[in-house]
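Structure below is input.pdb: PDB, C-alpha atoms.
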```pdb
MODEL        1
ATOM      1  CA  ALA A 209       6.991 -13.561  -8.727  1.00  0.00           C
ATOM      2  CA  GLN A 210       3.584 -12.417  -7.665  1.00  0.00           C
ATOM      3  CA  SER A 211       1.705  -9.826  -9.657  1.00  0.00           C
ATOM      4  CA  VAL A 212      -1.623  -8.091  -9.270  1.00  0.00           C
ATOM      5  CA  SER A 213      -3.752  -6.582 -11.994  1.00  0.00           C
ATOM      6  CA  GLN A 214      -6.768  -4.351 -11.672  1.00  0.00           C
ATOM      7  CA  HIS A 215      -9.174  -4.265 -14.553  1.00  0.00           C
ATOM      8  CA  ASN A 216      -9.985  -0.593 -14.681  1.00  0.00           C
ATOM      9  CA  HIS A 217      -7.781   2.453 -14.427  1.00  0.00           C
ATOM     10  CA  HIS A 218     -10.616   4.925 -13.903  1.00  0.00           C
ATOM     11  CA  VAL A 219     -14.282   4.247 -13.181  1.00  0.00           C
ATOM     12  CA  ILE A 220     -16.941   6.954 -13.236  1.00  0.00           C
ATOM     13  CA  LEU A 221     -20.321   6.274 -11.661  1.00  0.00           C
ATOM     14  CA  SER A 222     -23.353   8.214 -10.567  1.00  0.00           C
ATOM     15  CA  GLU A 223     -24.485   8.080  -6.973  1.00  0.00           C
ATOM     16  CA  ALA A 224     -26.566   4.985  -6.145  1.00  0.00           C
ATOM     17  CA  ALA A 225     -24.996   2.969  -8.957  1.00  0.00           C
ATOM     18  CA  SER A 226     -23.521  -0.414  -8.146  1.00  0.00           C
ATOM     19  CA  LEU A 227     -19.784  -0.892  -8.128  1.00  0.00           C
ATOM     20  CA  GLU A 228     -17.546  -3.796  -8.988  1.00  0.00           C
ATOM     21  CA  LEU A 229     -13.790  -3.397  -9.240  1.00  0.00           C
ATOM     22  CA  GLY A 230     -11.839  -6.311 -10.602  1.00  0.00           C
ATOM     23  CA  CYS A 231      -8.628  -7.691  -9.162  1.00  0.00           C
ATOM     24  CA  ASN A 232      -6.656 -10.686 -10.362  1.00  0.00           C
ATOM     25  CA  TYR A 233      -3.398 -12.026  -9.013  1.00  0.00           C
ATOM     26  CA  SER A 234      -0.845 -14.524 -10.110  1.00  0.00           C
ATOM     27  CA  TYR A 235       0.377 -16.918  -7.438  1.00  0.00           C
ATOM     28  CA  GLY A 236      -0.308 -20.595  -7.150  1.00  0.00           C
ATOM     29  CA  GLY A 237      -0.179 -21.038  -3.404  1.00  0.00           C
ATOM     30  CA  THR A 238      -2.031 -19.743  -0.383  1.00  0.00           C
ATOM     31  CA  VAL A 239      -2.528 -16.010  -0.411  1.00  0.00           C
ATOM     32  CA  ASN A 240      -3.761 -13.240   1.828  1.00  0.00           C
ATOM     33  CA  LEU A 241      -5.786 -10.660  -0.044  1.00  0.00           C
ATOM     34  CA  PHE A 242      -6.519  -7.045   0.743  1.00  0.00           C
ATOM     35  CA  TRP A 243      -8.297  -4.013  -0.563  1.00  0.00           C
ATOM     36  CA  TYR A 244      -7.006  -0.628   0.508  1.00  0.00           C
ATOM     37  CA  VAL A 245      -8.566   2.756  -0.181  1.00  0.00           C
ATOM     38  CA  GLN A 246      -6.901   6.145  -0.467  1.00  0.00           C
ATOM     39  CA  TYR A 247      -9.297   9.082  -0.166  1.00  0.00           C
ATOM     40  CA  PRO A 248      -8.120  12.393  -1.612  1.00  0.00           C
ATOM     41  CA  GLY A 249      -5.438  13.847   0.625  1.00  0.00           C
ATOM     42  CA  GLN A 250      -5.553  10.955   3.061  1.00  0.00           C
ATOM     43  CA  HIS A 251      -3.363   7.955   3.657  1.00  0.00           C
ATOM     44  CA  LEU A 252      -4.051   4.394   2.646  1.00  0.00           C
ATOM     45  CA  GLN A 253      -6.638   2.652   4.785  1.00  0.00           C
ATOM     46  CA  LEU A 254      -7.626  -0.979   4.958  1.00  0.00           C
ATOM     47  CA  LEU A 255     -11.047  -1.615   3.475  1.00  0.00           C
ATOM     48  CA  LEU A 256     -11.199  -5.370   3.956  1.00  0.00           C
ATOM     49  CA  LYS A 257      -9.067  -8.482   3.953  1.00  0.00           C
ATOM     50  CA  TYR A 258      -9.267 -12.199   3.314  1.00  0.00           C
ATOM     51  CA  PHE A 259      -7.027 -14.707   5.045  1.00  0.00           C
ATOM     52  CA  SER A 260      -9.134 -17.874   5.045  1.00  0.00           C
ATOM     53  CA  GLY A 261     -12.667 -19.152   5.580  1.00  0.00           C
ATOM     54  CA  ASP A 262     -15.776 -17.652   3.996  1.00  0.00           C
ATOM     55  CA  PRO A 263     -14.718 -16.339   0.582  1.00  0.00           C
ATOM     56  CA  LEU A 264     -17.216 -13.496   0.827  1.00  0.00           C
ATOM     57  CA  VAL A 265     -15.778 -10.899   3.154  1.00  0.00           C
ATOM     58  CA  LYS A 266     -17.393  -7.728   4.365  1.00  0.00           C
ATOM     59  CA  GLY A 267     -15.468  -4.564   5.071  1.00  0.00           C
ATOM     60  CA  ILE A 268     -16.114  -1.062   6.202  1.00  0.00           C
ATOM     61  CA  LYS A 269     -18.556   1.387   4.622  1.00  0.00           C
ATOM     62  CA  GLY A 270     -20.685  -1.307   2.992  1.00  0.00           C
ATOM     63  CA  PHE A 271     -17.946  -2.790   0.823  1.00  0.00           C
ATOM     64  CA  GLU A 272     -17.537  -6.500   0.279  1.00  0.00           C
ATOM     65  CA  ALA A 273     -15.255  -8.696  -1.782  1.00  0.00           C
ATOM     66  CA  GLU A 274     -15.416 -12.237  -3.050  1.00  0.00           C
ATOM     67  CA  PHE A 275     -12.425 -14.514  -3.327  1.00  0.00           C
ATOM     68  CA  ILE A 276     -12.719 -16.958  -6.214  1.00  0.00           C
ATOM     69  CA  LYS A 277      -9.725 -19.234  -5.996  1.00  0.00           C
ATOM     70  CA  SER A 278     -10.266 -20.900  -9.371  1.00  0.00           C
ATOM     71  CA  LYS A 279     -10.203 -17.525 -11.069  1.00  0.00           C
ATOM     72  CA  PHE A 280      -7.419 -16.016  -8.952  1.00  0.00           C
ATOM     73  CA  SER A 281      -9.736 -13.096  -8.378  1.00  0.00           C
ATOM     74  CA  PHE A 282     -10.740 -10.894  -5.477  1.00  0.00           C
ATOM     75  CA  ASN A 283     -13.296  -8.422  -6.800  1.00  0.00           C
ATOM     76  CA  LEU A 284     -14.569  -5.529  -4.720  1.00  0.00           C
ATOM     77  CA  ARG A 285     -18.272  -4.676  -4.707  1.00  0.00           C
ATOM     78  CA  LYS A 286     -20.669  -2.153  -3.273  1.00  0.00           C
ATOM     79  CA  PRO A 287     -24.399  -2.159  -4.070  1.00  0.00           C
ATOM     80  CA  SER A 288     -24.875   1.605  -4.014  1.00  0.00           C
ATOM     81  CA  VAL A 289     -22.002   4.099  -4.147  1.00  0.00           C
ATOM     82  CA  GLN A 290     -21.972   7.538  -2.596  1.00  0.00           C
ATOM     83  CA  TRP A 291     -20.093  10.662  -3.556  1.00  0.00           C
ATOM     84  CA  SER A 292     -17.891  10.107  -0.509  1.00  0.00           C
ATOM     85  CA  ASP A 293     -16.616   6.854  -2.056  1.00  0.00           C
ATOM     86  CA  THR A 294     -14.597   8.881  -4.546  1.00  0.00           C
ATOM     87  CA  ALA A 295     -11.074   7.592  -3.979  1.00  0.00           C
ATOM     88  CA  GLU A 296      -8.371   5.346  -5.346  1.00  0.00           C
ATOM     89  CA  TYR A 297      -8.702   1.652  -4.608  1.00  0.00           C
ATOM     90  CA  PHE A 298      -5.800  -0.753  -4.430  1.00  0.00           C
ATOM     91  CA  CYS A 299      -5.889  -4.517  -4.405  1.00  0.00           C
ATOM     92  CA  ALA A 300      -2.934  -6.202  -2.678  1.00  0.00           C
ATOM     93  CA  VAL A 301      -1.661  -9.740  -2.289  1.00  0.00           C
ATOM     94  CA  ASN A 302       0.687 -11.269   0.201  1.00  0.00           C
ATOM     95  CA  ALA A 303       1.874 -14.848   0.088  1.00  0.00           C
ATOM     96  CA  GLY A 304       4.397 -17.128   1.663  1.00  0.00           C
ATOM     97  CA  GLY A 305       6.066 -14.572   3.896  1.00  0.00           C
ATOM     98  CA  GLN A 306       6.899 -12.468   0.901  1.00  0.00           C
ATOM     99  CA  ASN A 307       6.306  -8.762   0.664  1.00  0.00           C
ATOM    100  CA  PHE A 308       2.996  -7.193  -0.266  1.00  0.00           C
ATOM    101  CA  VAL A 309       2.367  -6.692  -3.964  1.00  0.00           C
ATOM    102  CA  PHE A 310      -0.076  -3.964  -4.874  1.00  0.00           C
ATOM    103  CA  GLY A 311      -2.105  -3.554  -8.012  1.00  0.00           C
ATOM    104  CA  PRO A 312      -1.811  -0.321  -9.999  1.00  0.00           C
ATOM    105  CA  GLY A 313      -4.974   1.077  -8.458  1.00  0.00           C
ATOM    106  CA  THR A 314      -8.402   2.054  -9.774  1.00  0.00           C
ATOM    107  CA  ARG A 315      -9.547   5.607  -9.475  1.00  0.00           C
ATOM    108  CA  LEU A 316     -13.259   5.848  -8.687  1.00  0.00           C
ATOM    109  CA  SER A 317     -15.121   9.078  -9.341  1.00  0.00           C
ATOM    110  CA  VAL A 318     -18.707   9.252  -8.101  1.00  0.00           C
ATOM    111  CA  LEU A 319     -20.819  12.019  -9.562  1.00  0.00           C
ATOM    112  CA  PRO A 320     -23.403  13.613  -7.248  1.00  0.00           C
TER     113      PRO A 320
ATOM    114  CA  LYS B 216      -3.018   3.879  19.874  1.00  0.00           C
ATOM    115  CA  ALA B 217      -1.236   6.422  17.755  1.00  0.00           C
ATOM    116  CA  GLY B 218      -0.930   5.553  14.099  1.00  0.00           C
ATOM    117  CA  VAL B 219       2.148   5.320  11.947  1.00  0.00           C
ATOM    118  CA  THR B 220       3.968   8.620  11.816  1.00  0.00           C
ATOM    119  CA  GLN B 221       6.382   9.808   9.184  1.00  0.00           C
ATOM    120  CA  THR B 222       8.693  12.771   9.177  1.00  0.00           C
ATOM    121  CA  PRO B 223       9.141  15.041   7.457  1.00  0.00           C
ATOM    122  CA  ARG B 224       5.864  15.277   5.564  1.00  0.00           C
ATOM    123  CA  TYR B 225       7.282  17.316   2.718  1.00  0.00           C
ATOM    124  CA  LEU B 226      10.787  17.689   1.399  1.00  0.00           C
ATOM    125  CA  ILE B 227      12.406  19.498  -1.483  1.00  0.00           C
ATOM    126  CA  LYS B 228      15.898  18.505  -2.549  1.00  0.00           C
ATOM    127  CA  THR B 229      18.114  19.010  -5.568  1.00  0.00           C
ATOM    128  CA  ARG B 230      19.713  16.386  -7.755  1.00  0.00           C
ATOM    129  CA  GLY B 231      22.780  14.787  -6.249  1.00  0.00           C
ATOM    130  CA  GLN B 232      21.786  15.421  -2.659  1.00  0.00           C
ATOM    131  CA  GLN B 233      20.837  12.720  -0.220  1.00  0.00           C
ATOM    132  CA  VAL B 234      17.789  12.448   2.005  1.00  0.00           C
ATOM    133  CA  THR B 235      16.761  10.539   5.113  1.00  0.00           C
ATOM    134  CA  LEU B 236      13.140   9.804   5.909  1.00  0.00           C
ATOM    135  CA  SER B 237      11.876   8.554   9.233  1.00  0.00           C
ATOM    136  CA  CYS B 238       9.029   6.286  10.237  1.00  0.00           C
ATOM    137  CA  SER B 239       7.664   5.446  13.680  1.00  0.00           C
ATOM    138  CA  PRO B 240       5.428   2.364  13.631  1.00  0.00           C
ATOM    139  CA  ILE B 241       2.366   1.743  15.724  1.00  0.00           C
ATOM    140  CA  SER B 242       3.386   0.879  19.267  1.00  0.00           C
ATOM    141  CA  GLY B 243       4.068  -2.853  19.518  1.00  0.00           C
ATOM    142  CA  HIS B 244       4.502  -3.354  15.783  1.00  0.00           C
ATOM    143  CA  ARG B 245       7.837  -4.871  14.860  1.00  0.00           C
ATOM    144  CA  SER B 246       7.671  -4.927  11.079  1.00  0.00           C
ATOM    145  CA  VAL B 247       8.138  -1.836   8.950  1.00  0.00           C
ATOM    146  CA  SER B 248       7.856  -1.726   5.170  1.00  0.00           C
ATOM    147  CA  TRP B 249       8.632   1.100   2.790  1.00  0.00           C
ATOM    148  CA  TYR B 250       6.969   1.857  -0.526  1.00  0.00           C
ATOM    149  CA  GLN B 251       7.417   4.402  -3.282  1.00  0.00           C
ATOM    150  CA  GLN B 252       4.172   5.700  -4.743  1.00  0.00           C
ATOM    151  CA  THR B 253       4.115   7.524  -8.071  1.00  0.00           C
ATOM    152  CA  PRO B 254       1.208   8.240 -10.437  1.00  0.00           C
ATOM    153  CA  GLY B 255       2.655   6.076 -13.174  1.00  0.00           C
ATOM    154  CA  GLN B 256       3.982   3.128 -11.167  1.00  0.00           C
ATOM    155  CA  GLY B 257       1.570   2.871  -8.262  1.00  0.00           C
ATOM    156  CA  LEU B 258       2.994   1.428  -5.047  1.00  0.00           C
ATOM    157  CA  GLN B 259       6.393  -0.148  -5.479  1.00  0.00           C
ATOM    158  CA  PHE B 260       7.868  -2.123  -2.600  1.00  0.00           C
ATOM    159  CA  LEU B 261      11.244  -0.906  -1.393  1.00  0.00           C
ATOM    160  CA  PHE B 262      12.127  -3.041   1.617  1.00  0.00           C
ATOM    161  CA  GLU B 263      10.844  -4.553   4.821  1.00  0.00           C
ATOM    162  CA  TYR B 264      12.482  -4.663   8.219  1.00  0.00           C
ATOM    163  CA  PHE B 265      11.649  -6.906  11.121  1.00  0.00           C
ATOM    164  CA  SER B 266      13.535  -6.859  14.407  1.00  0.00           C
ATOM    165  CA  GLU B 267      16.273  -4.699  12.925  1.00  0.00           C
ATOM    166  CA  THR B 268      16.880  -7.106  10.026  1.00  0.00           C
ATOM    167  CA  GLN B 269      16.011  -6.531   6.403  1.00  0.00           C
ATOM    168  CA  ARG B 270      13.695  -9.372   5.400  1.00  0.00           C
ATOM    169  CA  ASN B 271      12.734  -8.442   1.878  1.00  0.00           C
ATOM    170  CA  LYS B 272      13.994  -6.013  -0.701  1.00  0.00           C
ATOM    171  CA  GLY B 273      12.383  -4.715  -3.858  1.00  0.00           C
ATOM    172  CA  ASN B 274      13.951  -3.925  -7.202  1.00  0.00           C
ATOM    173  CA  PHE B 275      15.454  -0.559  -6.445  1.00  0.00           C
ATOM    174  CA  PRO B 276      19.067   0.535  -6.948  1.00  0.00           C
ATOM    175  CA  GLY B 277      21.546   0.513  -4.109  1.00  0.00           C
ATOM    176  CA  ARG B 278      21.061   4.265  -3.668  1.00  0.00           C
ATOM    177  CA  PHE B 279      18.003   3.305  -1.654  1.00  0.00           C
ATOM    178  CA  SER B 280      18.817   1.903   1.754  1.00  0.00           C
ATOM    179  CA  GLY B 281      17.178   1.581   5.104  1.00  0.00           C
ATOM    180  CA  ARG B 282      17.580   0.459   8.652  1.00  0.00           C
ATOM    181  CA  GLN B 283      15.542  -0.295  11.713  1.00  0.00           C
ATOM    182  CA  PHE B 284      16.368   0.514  15.280  1.00  0.00           C
ATOM    183  CA  SER B 285      15.783  -1.516  18.418  1.00  0.00           C
ATOM    184  CA  ASN B 286      12.609   0.481  19.170  1.00  0.00           C
ATOM    185  CA  SER B 287      11.275  -0.529  15.703  1.00  0.00           C
ATOM    186  CA  ARG B 288      11.567   2.980  14.304  1.00  0.00           C
ATOM    187  CA  SER B 289      12.917   2.914  10.782  1.00  0.00           C
ATOM    188  CA  GLU B 290      14.745   5.230   8.444  1.00  0.00           C
ATOM    189  CA  MET B 291      15.267   5.102   4.746  1.00  0.00           C
ATOM    190  CA  ASN B 292      18.001   6.921   2.915  1.00  0.00           C
ATOM    191  CA  VAL B 293      18.286   7.871  -0.711  1.00  0.00           C
ATOM    192  CA  SER B 294      21.692   9.005  -1.893  1.00  0.00           C
ATOM    193  CA  THR B 295      22.589  10.872  -5.071  1.00  0.00           C
ATOM    194  CA  LEU B 296      19.025  11.931  -5.720  1.00  0.00           C
ATOM    195  CA  GLU B 297      17.650  11.870  -9.244  1.00  0.00           C
ATOM    196  CA  LEU B 298      14.634  13.687 -10.664  1.00  0.00           C
ATOM    197  CA  GLY B 299      12.836  10.352 -10.944  1.00  0.00           C
ATOM    198  CA  ASP B 300      13.017   9.864  -7.195  1.00  0.00           C
ATOM    199  CA  SER B 301      10.277  12.451  -6.775  1.00  0.00           C
ATOM    200  CA  ALA B 302       7.443  10.503  -5.192  1.00  0.00           C
ATOM    201  CA  LEU B 303       5.381   9.860  -2.111  1.00  0.00           C
ATOM    202  CA  TYR B 304       7.281   7.527   0.201  1.00  0.00           C
ATOM    203  CA  LEU B 305       5.019   5.454   2.376  1.00  0.00           C
ATOM    204  CA  CYS B 306       5.831   3.541   5.490  1.00  0.00           C
ATOM    205  CA  ALA B 307       3.632   0.724   6.768  1.00  0.00           C
ATOM    206  CA  SER B 308       3.829  -1.232   9.983  1.00  0.00           C
ATOM    207  CA  SER B 309       2.436  -4.588  11.033  1.00  0.00           C
ATOM    208  CA  PRO B 310       2.610  -6.549  14.271  1.00  0.00           C
ATOM    209  CA  SER B 311       5.044  -9.135  12.983  1.00  0.00           C
ATOM    210  CA  TRP B 312       5.850 -10.260   9.490  1.00  0.00           C
ATOM    211  CA  SER B 313       4.345  -8.409   6.553  1.00  0.00           C
ATOM    212  CA  SER B 314       1.932 -11.257   5.954  1.00  0.00           C
ATOM    213  CA  GLU B 315      -0.341  -9.541   8.408  1.00  0.00           C
ATOM    214  CA  THR B 316      -2.364  -6.424   7.737  1.00  0.00           C
ATOM    215  CA  GLN B 317      -0.216  -3.378   7.103  1.00  0.00           C
ATOM    216  CA  TYR B 318      -1.106   0.016   8.514  1.00  0.00           C
ATOM    217  CA  PHE B 319       0.099   2.968   6.523  1.00  0.00           C
ATOM    218  CA  GLY B 320       1.428   6.340   7.517  1.00  0.00           C
ATOM    219  CA  PRO B 321       0.615   9.585   5.711  1.00  0.00           C
ATOM    220  CA  GLY B 322       3.816   9.482   3.682  1.00  0.00           C
ATOM    221  CA  THR B 323       6.660  11.852   2.942  1.00  0.00           C
ATOM    222  CA  ARG B 324       6.319  13.734  -0.303  1.00  0.00           C
ATOM    223  CA  LEU B 325       9.744  14.215  -1.840  1.00  0.00           C
ATOM    224  CA  LEU B 326      10.324  16.611  -4.694  1.00  0.00           C
ATOM    225  CA  VAL B 327      13.696  16.519  -6.424  1.00  0.00           C
ATOM    226  CA  LEU B 328      14.575  19.580  -8.506  1.00  0.00           C
TER     227      LEU B 328
ENDMDL
END
```
Please express what this file holds, its structure, as structure tokens.
Amino acid sequence: AQSVSQHNHHVILSEAASLELGCNYSYGGTVNLFWYVQYPGQHLQLLLKYFSGDPLVKGIKGFEAEFIKSKFSFNLRKPSVQWSDTAEYFCAVNAGGQNFVFGPGTRLSVLP
Amino acid sequence: KAGVTQTPRYLIKTRGQQVTLSCSPISGHRSVSWYQQTPGQGLQFLFEYFSETQRNKGNFPGRFSGRQFSNSRSEMNVSTLELGDSALYLCASSPSWSSETQYFGPGTRLLVL
């Protein structure tokens, strides 16, 4: 069975700091990878996704993620965070027509 | 296009009762998935429906059931509610199978007293 782990439960940063959120998955075959974001009081929104091709994918709001197949990782990055990036971030994996599996989430708090 | 809608948005029930939640997917989307979101467990997959057929099912007891109608709208039912069923229930739709991007609704927050 697939599983997804996220390295940090809660990350606290100051504005303008760089962000990297770790995500690792366990599945040996071809996967589709996603990052979703849930802003306070809002529903889950897609941040970015990787299906194939260039392993460095760019999403909305300046986020990007890099797929490293050998490490089974799909880490999320942003060079300079803003207060408005305060949210919960979920990594998700889908493979082989199976259902989505979500990581436990990382709560990001950005201090103004 | 309108997004995924879920009704009701909030619900309070007592133990032993049953509840039905509804989800209307984005127009043209044929796959609907349901998730339970709790602070301790994150998002747990309940089931997925595609063209009125259940394709996948998560590890939840039989008290949790669902169905999908010919217009792709979906309902999930929880019978004999327990306190631990208190959660945010999310519905997500995708154009076909769940291997594609899923688009989430706002959720139904269920409180069981």
Quiz item: Near A:Leu221, counting only C-alpha atoms, which residues have an atom at most 10 Å away, once you skip same-chain residues fewer than 3 positions from it, shown as a ChimeraX atom specification?
Solution: /A:224-227,289-291,294,316-320
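Going from atom CA of B:Gly277 to atom CA of B:Thr295 covers 10.5 Å.
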**Prompt:** Expanded to explicit residues, what is the PyMOL selection byres ((chain B) within 8 of (chain A)) for this file, as a PyMOL selection string?
**Reply:** chain B and resi 256-260+263+271+312-314+316+318-322
Please return the centre and edge lengths, in Å to one decimal, of a box with edges along x, y and z that contains all listed atoms of stretch 288-294 of chain B, widened by 8 Å on every side, as lines of an AutoDock Vina configuration file.
```
center_x = 16.6
center_y = 6.0
center_z = 6.2
size_x = 26.1
size_y = 22.1
size_z = 32.2
```
Next item on the list: Spell out the residues picked by the PyMOL selection byres ((chain A and resi 295) around 8) here, as a VMD selection string.
Entry: chain A and resid 245 to 248 293 to 294 296 to 297 315 to 317
Could the residues in this selection be saved with C-alpha atoms as a compact mmCIF listing (two decimals), keeping the file's coordinate frame?
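Printed below is out-v8.txt as written:
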```
# COMPACT_ATOMS: atom_id res chain seq x y z
CA VAL A 245 -8.57 2.76 -0.18
CA GLN A 246 -6.90 6.14 -0.47
CA TYR A 247 -9.30 9.08 -0.17
CA PRO A 248 -8.12 12.39 -1.61
CA ASP A 293 -16.62 6.85 -2.06
CA THR A 294 -14.60 8.88 -4.55
CA GLU A 296 -8.37 5.35 -5.35
CA TYR A 297 -8.70 1.65 -4.61
CA ARG A 315 -9.55 5.61 -9.48
CA LEU A 316 -13.26 5.85 -8.69
CA SER A 317 -15.12 9.08 -9.34
```
Applied to this file, what does the PyMOL selection byres ((chain A and resi 265) around 12) return in terms of residues, put as a PDB file with C-alpha atoms, in the frame of the given file?
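Heads up, here's the output in result.pdb:
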```
ATOM      1  CA  LEU A 241      -5.786 -10.660  -0.044  1.00  0.00           C
ATOM      2  CA  PHE A 242      -6.519  -7.045   0.743  1.00  0.00           C
ATOM      3  CA  TRP A 243      -8.297  -4.013  -0.563  1.00  0.00           C
ATOM      4  CA  LEU A 255     -11.047  -1.615   3.475  1.00  0.00           C
ATOM      5  CA  LEU A 256     -11.199  -5.370   3.956  1.00  0.00           C
ATOM      6  CA  LYS A 257      -9.067  -8.482   3.953  1.00  0.00           C
ATOM      7  CA  TYR A 258      -9.267 -12.199   3.314  1.00  0.00           C
ATOM      8  CA  PHE A 259      -7.027 -14.707   5.045  1.00  0.00           C
ATOM      9  CA  SER A 260      -9.134 -17.874   5.045  1.00  0.00           C
ATOM     10  CA  GLY A 261     -12.667 -19.152   5.580  1.00  0.00           C
ATOM     11  CA  ASP A 262     -15.776 -17.652   3.996  1.00  0.00           C
ATOM     12  CA  PRO A 263     -14.718 -16.339   0.582  1.00  0.00           C
ATOM     13  CA  LEU A 264     -17.216 -13.496   0.827  1.00  0.00           C
ATOM     14  CA  LYS A 266     -17.393  -7.728   4.365  1.00  0.00           C
ATOM     15  CA  GLY A 267     -15.468  -4.564   5.071  1.00  0.00           C
ATOM     16  CA  ILE A 268     -16.114  -1.062   6.202  1.00  0.00           C
ATOM     17  CA  GLY A 270     -20.685  -1.307   2.992  1.00  0.00           C
ATOM     18  CA  PHE A 271     -17.946  -2.790   0.823  1.00  0.00           C
ATOM     19  CA  GLU A 272     -17.537  -6.500   0.279  1.00  0.00           C
ATOM     20  CA  ALA A 273     -15.255  -8.696  -1.782  1.00  0.00           C
ATOM     21  CA  GLU A 274     -15.416 -12.237  -3.050  1.00  0.00           C
ATOM     22  CA  PHE A 275     -12.425 -14.514  -3.327  1.00  0.00           C
ATOM     23  CA  ILE A 276     -12.719 -16.958  -6.214  1.00  0.00           C
ATOM     24  CA  PHE A 282     -10.740 -10.894  -5.477  1.00  0.00           C
ATOM     25  CA  ASN A 283     -13.296  -8.422  -6.800  1.00  0.00           C
ATOM     26  CA  LEU A 284     -14.569  -5.529  -4.720  1.00  0.00           C
ATOM     27  CA  ARG A 285     -18.272  -4.676  -4.707  1.00  0.00           C
ATOM     28  CA  LYS A 286     -20.669  -2.153  -3.273  1.00  0.00           C
TER      29      LYS A 286
END
```
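One finds atom CA of B:Tyr304 at 6.3 Å from atom CA of B:Arg324.
Nearest residue to A:Lys279 among A:Ser211, A:Thr314, A:Ser234, A:Asn216 is A:Ser234, counting only C-alpha atoms.
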Need the shell around B:Phe279: protein/DNA/RNA residues with any atom at most 7 Å away, counting all atoms listed in the file. Skip same-chain ones fewer than 4 positions apart. Format as a compact mmCIF listing (two decimals) with C-alpha atoms, in the frame of the given file?
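Okay, this is what ended up in around.txt:
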```
# COMPACT_ATOMS: atom_id res chain seq x y z
CA PHE B 275 15.45 -0.56 -6.44
CA ASN B 292 18.00 6.92 2.92
CA VAL B 293 18.29 7.87 -0.71
CA SER B 294 21.69 9.01 -1.89
```
